[in-house]
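S.K.: Input structure: my_file.pdb, which contains PDB, C-alpha atoms.
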```pdb
ATOM      1  CA  MET A   1      -7.986  22.895  10.851  1.00  0.00           C
ATOM      2  CA  ALA A   2      -5.304  20.165  10.771  1.00  0.00           C
ATOM      3  CA  GLU A   3      -6.269  16.746   9.448  1.00  0.00           C
ATOM      4  CA  SER A   4      -6.034  13.714  11.737  1.00  0.00           C
ATOM      5  CA  ILE A   5      -4.152  11.151   9.662  1.00  0.00           C
ATOM      6  CA  ALA A   6      -3.514   7.423  10.129  1.00  0.00           C
ATOM      7  CA  ALA A   7      -1.609   4.864   8.055  1.00  0.00           C
ATOM      8  CA  ILE A   8      -2.218   1.189   7.341  1.00  0.00           C
ATOM      9  CA  ILE A   9       0.759  -0.946   6.288  1.00  0.00           C
ATOM     10  CA  CYS A  10      -0.312  -4.212   4.635  1.00  0.00           C
ATOM     11  CA  ALA A  11       1.917  -7.158   5.588  1.00  0.00           C
ATOM     12  CA  ALA A  12      -0.551 -10.039   5.920  1.00  0.00           C
ATOM     13  CA  GLY A  13       0.089 -11.782   2.597  1.00  0.00           C
ATOM     14  CA  SER A  14       1.543 -15.264   2.128  1.00  0.00           C
ATOM     15  CA  SER A  15       4.403 -14.210  -0.214  1.00  0.00           C
ATOM     16  CA  ARG A  16       3.789 -17.330  -2.308  1.00  0.00           C
ATOM     17  CA  ARG A  17       5.607 -15.832  -5.298  1.00  0.00           C
ATOM     18  CA  MET A  18       8.667 -15.462  -3.075  1.00  0.00           C
ATOM     19  CA  GLY A  19       8.752 -19.217  -2.601  1.00  0.00           C
ATOM     20  CA  GLY A  20       6.960 -19.049   0.735  1.00  0.00           C
ATOM     21  CA  VAL A  21       9.541 -16.776   2.382  1.00  0.00           C
ATOM     22  CA  LYS A  22       7.774 -13.862   4.086  1.00  0.00           C
ATOM     23  CA  LYS A  23       9.126 -10.968   2.020  1.00  0.00           C
ATOM     24  CA  GLU A  24       8.168  -8.190   4.438  1.00  0.00           C
ATOM     25  CA  PHE A  25      10.306  -9.836   7.144  1.00  0.00           C
ATOM     26  CA  MET A  26      13.418 -10.147   4.942  1.00  0.00           C
ATOM     27  CA  LEU A  27      16.489  -7.953   5.315  1.00  0.00           C
ATOM     28  CA  LEU A  28      17.071  -5.417   2.573  1.00  0.00           C
ATOM     29  CA  PRO A  29      20.490  -5.505   0.921  1.00  0.00           C
ATOM     30  CA  PHE A  30      22.912  -2.785   1.950  1.00  0.00           C
ATOM     31  CA  THR A  31      22.997   0.213  -0.371  1.00  0.00           C
ATOM     32  CA  ALA A  32      24.946   3.454  -0.565  1.00  0.00           C
ATOM     33  CA  ASP A  33      22.027   5.119   1.273  1.00  0.00           C
ATOM     34  CA  SER A  34      22.000   2.636   4.163  1.00  0.00           C
ATOM     35  CA  SER A  35      22.946   3.949   7.574  1.00  0.00           C
ATOM     36  CA  ALA A  36      26.318   2.705   8.741  1.00  0.00           C
ATOM     37  CA  GLY A  37      25.929  -0.592  10.549  1.00  0.00           C
ATOM     38  CA  GLU A  38      22.132  -0.610  10.210  1.00  0.00           C
ATOM     39  CA  GLN A  39      20.314  -3.015   7.908  1.00  0.00           C
ATOM     40  CA  GLN A  40      16.558  -2.679   7.754  1.00  0.00           C
ATOM     41  CA  THR A  41      13.905  -5.233   6.952  1.00  0.00           C
ATOM     42  CA  VAL A  42      11.462  -4.629   4.120  1.00  0.00           C
ATOM     43  CA  LEU A  43       8.638  -3.948   6.582  1.00  0.00           C
ATOM     44  CA  GLY A  44      10.871  -1.867   8.850  1.00  0.00           C
ATOM     45  CA  ALA A  45      11.844   0.438   5.987  1.00  0.00           C
ATOM     46  CA  ALA A  46       8.217   0.905   4.904  1.00  0.00           C
ATOM     47  CA  VAL A  47       7.010   1.632   8.439  1.00  0.00           C
ATOM     48  CA  SER A  48       9.931   3.979   9.125  1.00  0.00           C
ATOM     49  CA  ALA A  49       8.954   6.186   6.199  1.00  0.00           C
ATOM     50  CA  PHE A  50       5.477   6.766   7.619  1.00  0.00           C
ATOM     51  CA  ALA A  51       6.678   7.030  11.222  1.00  0.00           C
ATOM     52  CA  SER A  52       9.040   9.803  10.114  1.00  0.00           C
ATOM     53  CA  CYS A  53       6.109  11.883   8.894  1.00  0.00           C
ATOM     54  CA  SER A  54       5.015  14.103  11.775  1.00  0.00           C
ATOM     55  CA  ARG A  55       1.541  14.515  10.234  1.00  0.00           C
ATOM     56  CA  ILE A  56       0.729  10.811  10.652  1.00  0.00           C
ATOM     57  CA  GLY A  57      -0.611   9.509  13.965  1.00  0.00           C
ATOM     58  CA  PRO A  58      -1.523   5.847  14.504  1.00  0.00           C
ATOM     59  CA  ILE A  59       0.094   3.243  12.260  1.00  0.00           C
ATOM     60  CA  ILE A  60      -1.782  -0.063  11.816  1.00  0.00           C
ATOM     61  CA  ILE A  61       0.215  -3.064  10.570  1.00  0.00           C
ATOM     62  CA  THR A  62      -1.653  -6.118   9.268  1.00  0.00           C
ATOM     63  CA  VAL A  63      -0.100  -9.532   9.970  1.00  0.00           C
ATOM     64  CA  PRO A  64      -0.941 -13.041   8.695  1.00  0.00           C
ATOM     65  CA  GLU A  65      -4.196 -14.387  10.123  1.00  0.00           C
ATOM     66  CA  ASP A  66      -3.025 -17.989  10.442  1.00  0.00           C
ATOM     67  CA  SER A  67       0.239 -17.266  12.249  1.00  0.00           C
ATOM     68  CA  GLU A  68       0.395 -17.476  16.039  1.00  0.00           C
ATOM     69  CA  ASN A  69       3.551 -15.369  16.183  1.00  0.00           C
ATOM     70  CA  GLY A  70       2.718 -13.006  13.308  1.00  0.00           C
ATOM     71  CA  GLU A  71       2.627  -9.948  15.550  1.00  0.00           C
ATOM     72  CA  ALA A  72       5.873 -10.880  17.307  1.00  0.00           C
ATOM     73  CA  ALA A  73       7.630 -11.433  13.987  1.00  0.00           C
ATOM     74  CA  ALA A  74       6.353  -8.108  12.647  1.00  0.00           C
ATOM     75  CA  ARG A  75       7.434  -6.263  15.796  1.00  0.00           C
ATOM     76  CA  ALA A  76      10.903  -7.762  15.470  1.00  0.00           C
ATOM     77  CA  CYS A  77      11.153  -6.276  11.967  1.00  0.00           C
ATOM     78  CA  LEU A  78      10.736  -2.694  13.187  1.00  0.00           C
ATOM     79  CA  PRO A  79      13.720  -0.502  14.104  1.00  0.00           C
ATOM     80  CA  ALA A  80      14.847  -1.010  17.692  1.00  0.00           C
ATOM     81  CA  ASP A  81      14.202   2.605  18.680  1.00  0.00           C
ATOM     82  CA  PHE A  82      10.477   2.172  17.943  1.00  0.00           C
ATOM     83  CA  ALA A  83      10.243   0.003  21.060  1.00  0.00           C
ATOM     84  CA  SER A  84      10.947   2.993  23.275  1.00  0.00           C
ATOM     85  CA  GLY A  85       8.798   6.097  23.339  1.00  0.00           C
ATOM     86  CA  GLU A  86       6.519   5.387  20.358  1.00  0.00           C
ATOM     87  CA  GLU A  87       5.074   1.995  21.290  1.00  0.00           C
ATOM     88  CA  SER A  88       1.540   3.346  21.623  1.00  0.00           C
ATOM     89  CA  ARG A  89       1.649   4.625  18.059  1.00  0.00           C
ATOM     90  CA  PHE A  90       1.870   1.153  16.472  1.00  0.00           C
ATOM     91  CA  PHE A  91      -0.924  -1.412  16.361  1.00  0.00           C
ATOM     92  CA  PHE A  92      -0.998  -4.914  14.880  1.00  0.00           C
ATOM     93  CA  VAL A  93      -4.147  -6.419  13.364  1.00  0.00           C
ATOM     94  CA  GLN A  94      -4.691  -9.904  11.966  1.00  0.00           C
ATOM     95  CA  GLY A  95      -5.315  -9.892   8.250  1.00  0.00           C
ATOM     96  CA  GLY A  96      -7.948 -11.795   6.325  1.00  0.00           C
ATOM     97  CA  PRO A  97      -7.991 -14.297   3.453  1.00  0.00           C
ATOM     98  CA  THR A  98      -7.486 -11.495   0.881  1.00  0.00           C
ATOM     99  CA  ARG A  99      -5.754  -8.132   0.832  1.00  0.00           C
ATOM    100  CA  ARG A 100      -9.097  -6.354   0.784  1.00  0.00           C
ATOM    101  CA  ALA A 101     -10.254  -8.278   3.825  1.00  0.00           C
ATOM    102  CA  SER A 102      -7.015  -7.419   5.624  1.00  0.00           C
ATOM    103  CA  VAL A 103      -7.458  -3.705   4.922  1.00  0.00           C
ATOM    104  CA  HIS A 104     -11.086  -3.974   6.047  1.00  0.00           C
ATOM    105  CA  ASN A 105      -9.933  -5.462   9.370  1.00  0.00           C
ATOM    106  CA  ALA A 106      -7.443  -2.632   9.835  1.00  0.00           C
ATOM    107  CA  LEU A 107     -10.040   0.026   9.006  1.00  0.00           C
ATOM    108  CA  SER A 108     -12.484  -1.500  11.480  1.00  0.00           C
ATOM    109  CA  PHE A 109      -9.793  -1.496  14.167  1.00  0.00           C
ATOM    110  CA  LEU A 110      -8.976   2.110  13.355  1.00  0.00           C
ATOM    111  CA  GLU A 111     -12.623   3.000  13.890  1.00  0.00           C
ATOM    112  CA  SER A 112     -12.418   1.532  17.405  1.00  0.00           C
ATOM    113  CA  LEU A 113      -9.522   3.754  18.492  1.00  0.00           C
ATOM    114  CA  GLU A 114     -10.115   6.838  20.562  1.00  0.00           C
ATOM    115  CA  GLY A 115      -9.861  10.071  18.617  1.00  0.00           C
ATOM    116  CA  ARG A 116     -11.294  11.013  15.259  1.00  0.00           C
ATOM    117  CA  VAL A 117      -9.362  10.089  12.121  1.00  0.00           C
ATOM    118  CA  SER A 118     -10.246  12.038   9.000  1.00  0.00           C
ATOM    119  CA  LEU A 119      -7.739  10.598   6.522  1.00  0.00           C
ATOM    120  CA  VAL A 120      -6.054   7.210   6.092  1.00  0.00           C
ATOM    121  CA  LEU A 121      -3.099   6.182   3.920  1.00  0.00           C
ATOM    122  CA  ILE A 122      -2.948   2.516   2.842  1.00  0.00           C
ATOM    123  CA  HIS A 123       0.458   1.198   1.791  1.00  0.00           C
ATOM    124  CA  ASP A 124       1.973  -2.118   0.694  1.00  0.00           C
ATOM    125  CA  GLY A 125       4.461  -3.358   3.274  1.00  0.00           C
ATOM    126  CA  ALA A 126       6.416  -4.789   0.338  1.00  0.00           C
ATOM    127  CA  ARG A 127       7.211  -1.275  -0.971  1.00  0.00           C
ATOM    128  CA  PRO A 128      10.183  -0.352   1.246  1.00  0.00           C
ATOM    129  CA  TRP A 129      11.580   2.409  -0.973  1.00  0.00           C
ATOM    130  CA  ILE A 130       8.732   4.876  -0.386  1.00  0.00           C
ATOM    131  CA  LYS A 131       9.956   8.462   0.025  1.00  0.00           C
ATOM    132  CA  GLN A 132       8.761  11.304   2.230  1.00  0.00           C
ATOM    133  CA  ASP A 133       8.044  13.510  -0.776  1.00  0.00           C
ATOM    134  CA  LEU A 134       5.525  11.042  -2.185  1.00  0.00           C
ATOM    135  CA  ILE A 135       3.849  10.566   1.205  1.00  0.00           C
ATOM    136  CA  GLU A 136       3.446  14.333   1.557  1.00  0.00           C
ATOM    137  CA  ARG A 137       2.085  14.705  -1.972  1.00  0.00           C
ATOM    138  CA  VAL A 138      -0.423  11.903  -1.401  1.00  0.00           C
ATOM    139  CA  ILE A 139      -1.615  13.554   1.822  1.00  0.00           C
ATOM    140  CA  GLU A 140      -2.078  16.912   0.129  1.00  0.00           C
ATOM    141  CA  GLY A 141      -3.884  15.287  -2.796  1.00  0.00           C
ATOM    142  CA  ALA A 142      -6.252  13.413  -0.498  1.00  0.00           C
ATOM    143  CA  ILE A 143      -7.055  16.570   1.448  1.00  0.00           C
ATOM    144  CA  GLU A 144      -7.978  18.266  -1.820  1.00  0.00           C
ATOM    145  CA  HIS A 145      -9.800  15.421  -3.593  1.00  0.00           C
ATOM    146  CA  GLY A 146     -10.912  12.960  -0.902  1.00  0.00           C
ATOM    147  CA  ALA A 147      -9.322   9.972  -2.643  1.00  0.00           C
ATOM    148  CA  ILE A 148      -6.006   9.774  -4.469  1.00  0.00           C
ATOM    149  CA  ILE A 149      -3.408   7.311  -5.715  1.00  0.00           C
ATOM    150  CA  PRO A 150       0.099   7.678  -7.162  1.00  0.00           C
ATOM    151  CA  ALA A 151       0.541   6.101 -10.579  1.00  0.00           C
ATOM    152  CA  LEU A 152       3.069   5.597 -13.351  1.00  0.00           C
ATOM    153  CA  PRO A 153       2.515   5.656 -17.126  1.00  0.00           C
ATOM    154  CA  LEU A 154       2.839   2.466 -19.148  1.00  0.00           C
ATOM    155  CA  LEU A 155       5.938   2.135 -21.320  1.00  0.00           C
ATOM    156  CA  GLU A 156       4.760  -0.872 -23.317  1.00  0.00           C
ATOM    157  CA  THR A 157       1.533  -1.257 -25.287  1.00  0.00           C
ATOM    158  CA  PRO A 158      -1.063  -3.329 -23.350  1.00  0.00           C
ATOM    159  CA  LYS A 159      -3.440  -5.819 -24.952  1.00  0.00           C
ATOM    160  CA  GLU A 160      -6.657  -7.247 -23.516  1.00  0.00           C
ATOM    161  CA  LEU A 161      -6.997 -11.001 -24.071  1.00  0.00           C
ATOM    162  CA  CYS A 162     -10.194 -12.948 -24.677  1.00  0.00           C
ATOM    163  CA  SER A 163     -11.810 -14.160 -21.471  1.00  0.00           C
ATOM    164  CA  ASP A 164     -12.360 -17.726 -22.716  1.00  0.00           C
ATOM    165  CA  GLY A 165      -8.749 -18.671 -22.074  1.00  0.00           C
ATOM    166  CA  ALA A 166      -7.727 -18.615 -25.734  1.00  0.00           C
ATOM    167  CA  ARG A 167      -4.514 -16.727 -26.463  1.00  0.00           C
ATOM    168  CA  PHE A 168      -6.105 -14.167 -28.753  1.00  0.00           C
ATOM    169  CA  ILE A 169      -6.312 -10.414 -28.420  1.00  0.00           C
ATOM    170  CA  GLN A 170      -9.757  -9.009 -27.729  1.00  0.00           C
ATOM    171  CA  ARG A 171      -8.875  -5.303 -27.595  1.00  0.00           C
ATOM    172  CA  HIS A 172      -5.909  -3.120 -28.485  1.00  0.00           C
ATOM    173  CA  LEU A 173      -5.649  -0.620 -25.633  1.00  0.00           C
ATOM    174  CA  ARG A 174      -4.164   2.879 -25.773  1.00  0.00           C
ATOM    175  CA  ARG A 175      -1.359   3.215 -23.254  1.00  0.00           C
ATOM    176  CA  ALA A 176      -1.681   7.032 -23.160  1.00  0.00           C
ATOM    177  CA  GLN A 177      -4.935   6.574 -21.214  1.00  0.00           C
ATOM    178  CA  LEU A 178      -3.647   3.835 -18.915  1.00  0.00           C
ATOM    179  CA  CYS A 179      -1.361   3.754 -15.890  1.00  0.00           C
ATOM    180  CA  THR A 180      -0.165   1.400 -13.179  1.00  0.00           C
ATOM    181  CA  ALA A 181      -1.213   2.092  -9.589  1.00  0.00           C
ATOM    182  CA  GLN A 182       1.163   2.423  -6.660  1.00  0.00           C
ATOM    183  CA  THR A 183       0.696   2.932  -2.934  1.00  0.00           C
ATOM    184  CA  PRO A 184       0.206   4.695  -0.591  1.00  0.00           C
ATOM    185  CA  GLN A 185      -3.380   5.299  -1.613  1.00  0.00           C
ATOM    186  CA  ALA A 186      -5.198   7.801   0.600  1.00  0.00           C
ATOM    187  CA  PHE A 187      -8.884   8.263   1.370  1.00  0.00           C
ATOM    188  CA  ARG A 188     -11.312  10.112   3.571  1.00  0.00           C
ATOM    189  CA  PHE A 189     -12.227   8.100   6.641  1.00  0.00           C
ATOM    190  CA  PRO A 190     -14.805   6.697   7.390  1.00  0.00           C
ATOM    191  CA  ASP A 191     -15.925   6.798   3.718  1.00  0.00           C
ATOM    192  CA  ILE A 192     -13.327   4.187   2.784  1.00  0.00           C
ATOM    193  CA  LEU A 193     -14.577   1.960   5.647  1.00  0.00           C
ATOM    194  CA  THR A 194     -18.131   2.282   4.311  1.00  0.00           C
ATOM    195  CA  ALA A 195     -16.870   1.301   0.855  1.00  0.00           C
ATOM    196  CA  HIS A 196     -15.123  -1.778   2.252  1.00  0.00           C
ATOM    197  CA  LYS A 197     -18.277  -2.867   4.067  1.00  0.00           C
ATOM    198  CA  LYS A 198     -20.191  -2.710   0.797  1.00  0.00           C
ATOM    199  CA  ALA A 199     -17.377  -4.525  -1.016  1.00  0.00           C
ATOM    200  CA  ALA A 200     -17.491  -7.316   1.555  1.00  0.00           C
ATOM    201  CA  GLU A 201     -21.239  -7.686   0.991  1.00  0.00           C
ATOM    202  CA  LYS A 202     -20.719  -7.930  -2.765  1.00  0.00           C
ATOM    203  CA  GLU A 203     -17.944 -10.503  -2.356  1.00  0.00           C
ATOM    204  CA  ALA A 204     -20.276 -12.580  -0.180  1.00  0.00           C
ATOM    205  CA  ARG A 205     -22.901 -12.564  -2.949  1.00  0.00           C
ATOM    206  CA  GLU A 206     -20.632 -12.956  -5.954  1.00  0.00           C
ATOM    207  CA  HIS A 207     -17.375 -14.628  -6.914  1.00  0.00           C
ATOM    208  CA  PHE A 208     -15.382 -11.409  -7.039  1.00  0.00           C
ATOM    209  CA  GLU A 209     -12.143  -9.983  -5.649  1.00  0.00           C
ATOM    210  CA  TYR A 210     -11.000  -6.361  -5.562  1.00  0.00           C
ATOM    211  CA  THR A 211      -7.373  -5.694  -6.460  1.00  0.00           C
ATOM    212  CA  ASP A 212      -6.835  -2.411  -4.630  1.00  0.00           C
ATOM    213  CA  ASP A 213      -8.566   0.156  -2.445  1.00  0.00           C
ATOM    214  CA  ALA A 214      -9.007   2.668  -5.257  1.00  0.00           C
ATOM    215  CA  GLU A 215     -11.237   0.124  -7.024  1.00  0.00           C
ATOM    216  CA  VAL A 216     -13.329  -0.263  -3.856  1.00  0.00           C
ATOM    217  CA  TRP A 217     -13.683   3.516  -3.471  1.00  0.00           C
ATOM    218  CA  GLY A 218     -14.424   4.013  -7.171  1.00  0.00           C
ATOM    219  CA  GLU A 219     -17.298   1.515  -7.176  1.00  0.00           C
ATOM    220  CA  PHE A 220     -19.039   2.595  -3.978  1.00  0.00           C
ATOM    221  CA  ILE A 221     -18.034   6.195  -3.232  1.00  0.00           C
ATOM    222  CA  GLY A 222     -16.873   8.170  -6.267  1.00  0.00           C
ATOM    223  CA  THR A 223     -13.968   9.463  -8.319  1.00  0.00           C
ATOM    224  CA  VAL A 224     -10.329   8.777  -7.448  1.00  0.00           C
ATOM    225  CA  ALA A 225      -7.721  11.401  -8.352  1.00  0.00           C
ATOM    226  CA  VAL A 226      -4.234  10.544  -9.624  1.00  0.00           C
ATOM    227  CA  ILE A 227      -0.815  12.094  -9.019  1.00  0.00           C
ATOM    228  CA  ALA A 228       2.573  11.165 -10.426  1.00  0.00           C
ATOM    229  CA  GLY A 229       4.111   8.185  -8.681  1.00  0.00           C
ATOM    230  CA  ASP A 230       7.781   7.397  -8.156  1.00  0.00           C
ATOM    231  CA  PRO A 231       9.610   4.808 -10.303  1.00  0.00           C
ATOM    232  CA  GLU A 232      11.761   3.925  -7.278  1.00  0.00           C
ATOM    233  CA  ASN A 233       8.665   3.086  -5.204  1.00  0.00           C
ATOM    234  CA  ARG A 234       8.568  -0.418  -6.606  1.00  0.00           C
ATOM    235  CA  LYS A 235       6.964  -3.451  -5.001  1.00  0.00           C
ATOM    236  CA  ILE A 236       8.823  -6.613  -4.084  1.00  0.00           C
ATOM    237  CA  THR A 237       6.995  -9.586  -5.617  1.00  0.00           C
ATOM    238  CA  TYR A 238       9.717 -12.030  -6.729  1.00  0.00           C
ATOM    239  CA  PRO A 239      13.133 -12.784  -5.149  1.00  0.00           C
ATOM    240  CA  GLY A 240      14.976 -10.813  -7.820  1.00  0.00           C
ATOM    241  CA  ASP A 241      13.067  -7.650  -6.905  1.00  0.00           C
ATOM    242  CA  MET A 242      15.133  -7.357  -3.719  1.00  0.00           C
ATOM    243  CA  PHE A 243      18.219  -6.548  -5.774  1.00  0.00           C
ATOM    244  CA  GLN A 244      16.700  -5.012  -8.874  1.00  0.00           C
ATOM    245  CA  GLY A 245      18.140  -1.656  -9.882  1.00  0.00           C
ATOM    246  CA  THR A 246      16.016   1.460  -9.861  1.00  0.00           C
ATOM    247  CA  LYS A 247      13.514   1.544 -12.714  1.00  0.00           C
ATOM    248  CA  LYS A 248      13.407   4.891 -14.433  1.00  0.00           C
ATOM    249  CA  SER A 249      10.464   6.022 -16.526  1.00  0.00           C
ATOM    250  CA  THR A 250      11.264   8.038 -19.630  1.00  0.00           C
ATOM    251  CA  ASP A 251       7.590   9.081 -19.846  1.00  0.00           C
ATOM    252  CA  PHE A 252       7.384  10.131 -16.176  1.00  0.00           C
ATOM    253  CA  HIS A 253       6.707  13.736 -17.172  1.00  0.00           C
ATOM    254  CA  ARG A 254       3.313  12.767 -18.623  1.00  0.00           C
ATOM    255  CA  LEU A 255       1.801  12.029 -15.209  1.00  0.00           C
ATOM    256  CA  SER A 256       3.774  14.710 -13.389  1.00  0.00           C
ATOM    257  CA  ARG A 257       1.475  17.266 -15.061  1.00  0.00           C
ATOM    258  CA  ILE A 258      -1.669  15.798 -13.450  1.00  0.00           C
TER     259      ILE A 258
END
```
Now that the file is in, can you turn its structure into structure tokens?
M.R.:
Amino acid sequence: MAESIAAIICAAGSSRRMGGVKKEFMLLPFTADSSAGEQQTVLGAAVSAFASCSRIGPIIITVPEDSENGEAAARACLPADFASGEESRFFFVQGGPTRRASVHNALSFLESLEGRVSLVLIHDGARPWIKQDLIERVIEGAIEHGAIIPALPLLETPKELCSDGARFIQRHLRRAQLCTAQTPQAFRFPDILTAHKKAAEKEAREHFEYTDDAEVWGEFIGTVAVIAGDPENRKITYPGDMFQGTKKSTDFHRLSRI
């Protein structure tokens, strides 16, 4: 039986590390792979990758909660042909004060739609270089394991600092057992919605913030599987990231065996 799959594209952040310029709404620089005469926005490129996957149904895009024209600005970032024929496939939801809250809003909206969704992919709108191959591998991994993320191995040795603010090392970590998480992260629905509800309750009780959806799932639902990520699937955080060359990982084969 075929899975019913949805995608959430997170674009509700403030982009403060971009100097206040909304990074998801920026135009990507032309590259050798760009279509002639067509220049995509960061958000448009990310959404296009998921819209091109025939296995994915509804696509939910989170927009800033404090912006009156957030939805209009996000719509304007999508390719022009999305306005004809596929309009009912795209939905825009106001985000929250944190990324987790924004995803929670999108999951709750997804629950309200007609039709049963069994799987949801959650992706950073600031990762415009996502490829179809990775999307397909994440879907297959989620079908098999229930929860999965793509990840890359560390190339430099990490150190854990003391929590008192002093610049001293508390622990020397082993990079062979560590990785950096990417998106899209995929989960069984509505289990991930249940996990977010519990996370919201914990945040209301404690001064705590979750950094990604895999952490939310891992605390309240269970184990998260890992597959090899893509070094080109990088996230735009600072202005220079828009033009940064492709980062290759010489240790990529270590995670490709997972």
S.K.: Which stretch 147-169 of chain A residues have any atom within 12 Å of an atom of stretch 185-198 of chain A, and for each, what is the nearest pair of atoms with distance in Å to one decimal, counting all atoms listed in the file, rows sorted by chain and number, as CSV?
M.R.:
```
residue,atom,partner,partner_atom,distance
A:Ala147,CA,A:Phe187,CA,4.4
A:Ile148,CA,A:Ala186,CA,5.5
A:Ile149,CA,A:Gln185,CA,4.6
A:Pro150,CA,A:Gln185,CA,7.0
A:Ala151,CA,A:Gln185,CA,9.8
```
S.K.: List every protein, DNA or RNA residue that has at least one atom no more than 8 Å from (-2.3, -1.3, -18.8) in the file's coordinates, counting all atoms listed in the file, and write the result as a ChimeraX atom specification.
M.R.: /A:154,157-159,173,175,178-180
S.K.: So how many Å separate atom CA of A:Arg127 and atom CA of A:Pro184, to one decimal?
M.R.: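 Between atom CA of A:Arg127 and atom CA of A:Pro184 the gap is 9.2 Å.
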S.K.: Which residues match the PyMOL selection byres ((chain A and resi 110) around 12) in the file above, as number ranges by chain?
M.R.: A: 5-8, 57-62, 89-93, 103-109, 111-121, 189-190, 192-193
S.K.: What is the atom CA of A:Val42-atom CA of A:Gly218 distance in Å, reported with one decimal?
M.R.: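 According to the coordinates, atom CA of A:Val42 and atom CA of A:Gly218 are separated by 29.5 Å.
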S.K.: Mind giving me the straight-line distance from atom CA of A:Cys10 to atom CA of A:His123 in Å, one decimal?
M.R.: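 Straight-line distance from atom CA of A:Cys10 to atom CA of A:His123 works out to 6.2 Å.
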S.K.: Have a look at A:Ala80, A:Ile135, A:Ala200, A:Met26 and name the one nearest to A:Gly229; count all atoms listed in the file.
M.R.: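 Of the candidates, the smallest distance to A:Gly229 is held by A:Ile135.
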S.K.: So that I can see what lies close to A:Arg137, please list as a list in words the residues with an atom at most 9 Å from it, counting all atoms listed in the file and leaving out residues fewer than 4 positions away in the same chain.
M.R.: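 Listing them by chain and then by number gives Gln132, Asp133, Gly141, Ala142, Pro150 and Ile227 of chain A.
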S.K.: For A:Arg17, which residue out of A:Ala214, A:Ile236, A:Val226, A:Met242 is the nearest one, using all atoms listed in the file?
M.R.: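 For A:Arg17, the nearest of the given residues is A:Ile236.
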S.K.: Calculated over all atoms listed in the file, which of the candidates A:Ala181, A:Trp217, A:Ala76, A:Asp241 has the smallest distance to A:Leu28?
M.R.: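 Of A:Ala181, A:Trp217, A:Ala76, A:Asp241, the one nearest A:Leu28 is A:Asp241, counting all atoms listed in the file.
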S.K.: Give me the result of the PyMOL selection byres ((chain A and resi 24) around 7) on this file, residue by residue, as a PyMOL selection string.
M.R.: chain A and resi 11+22-23+25-26+41-43+125-126
S.K.: Please enclose the listed atoms of stretch 178-193 of chain A in an axis-aligned box, pad each side by 6 Å, and write out the centre and the three edge lengths in Å, rounded to one decimal, as JSON.
M.R.:
```
{"center_x": -7.4, "center_y": 5.8, "center_z": -5.8, "size_x": 29.1, "size_y": 20.7, "size_z": 38.3}
```
S.K.: For A:Ala74, which of A:Val47, A:Arg100, A:Glu140, A:Glu201 is the closest residue, counting all atoms listed in the file?
M.R.: A:Val47
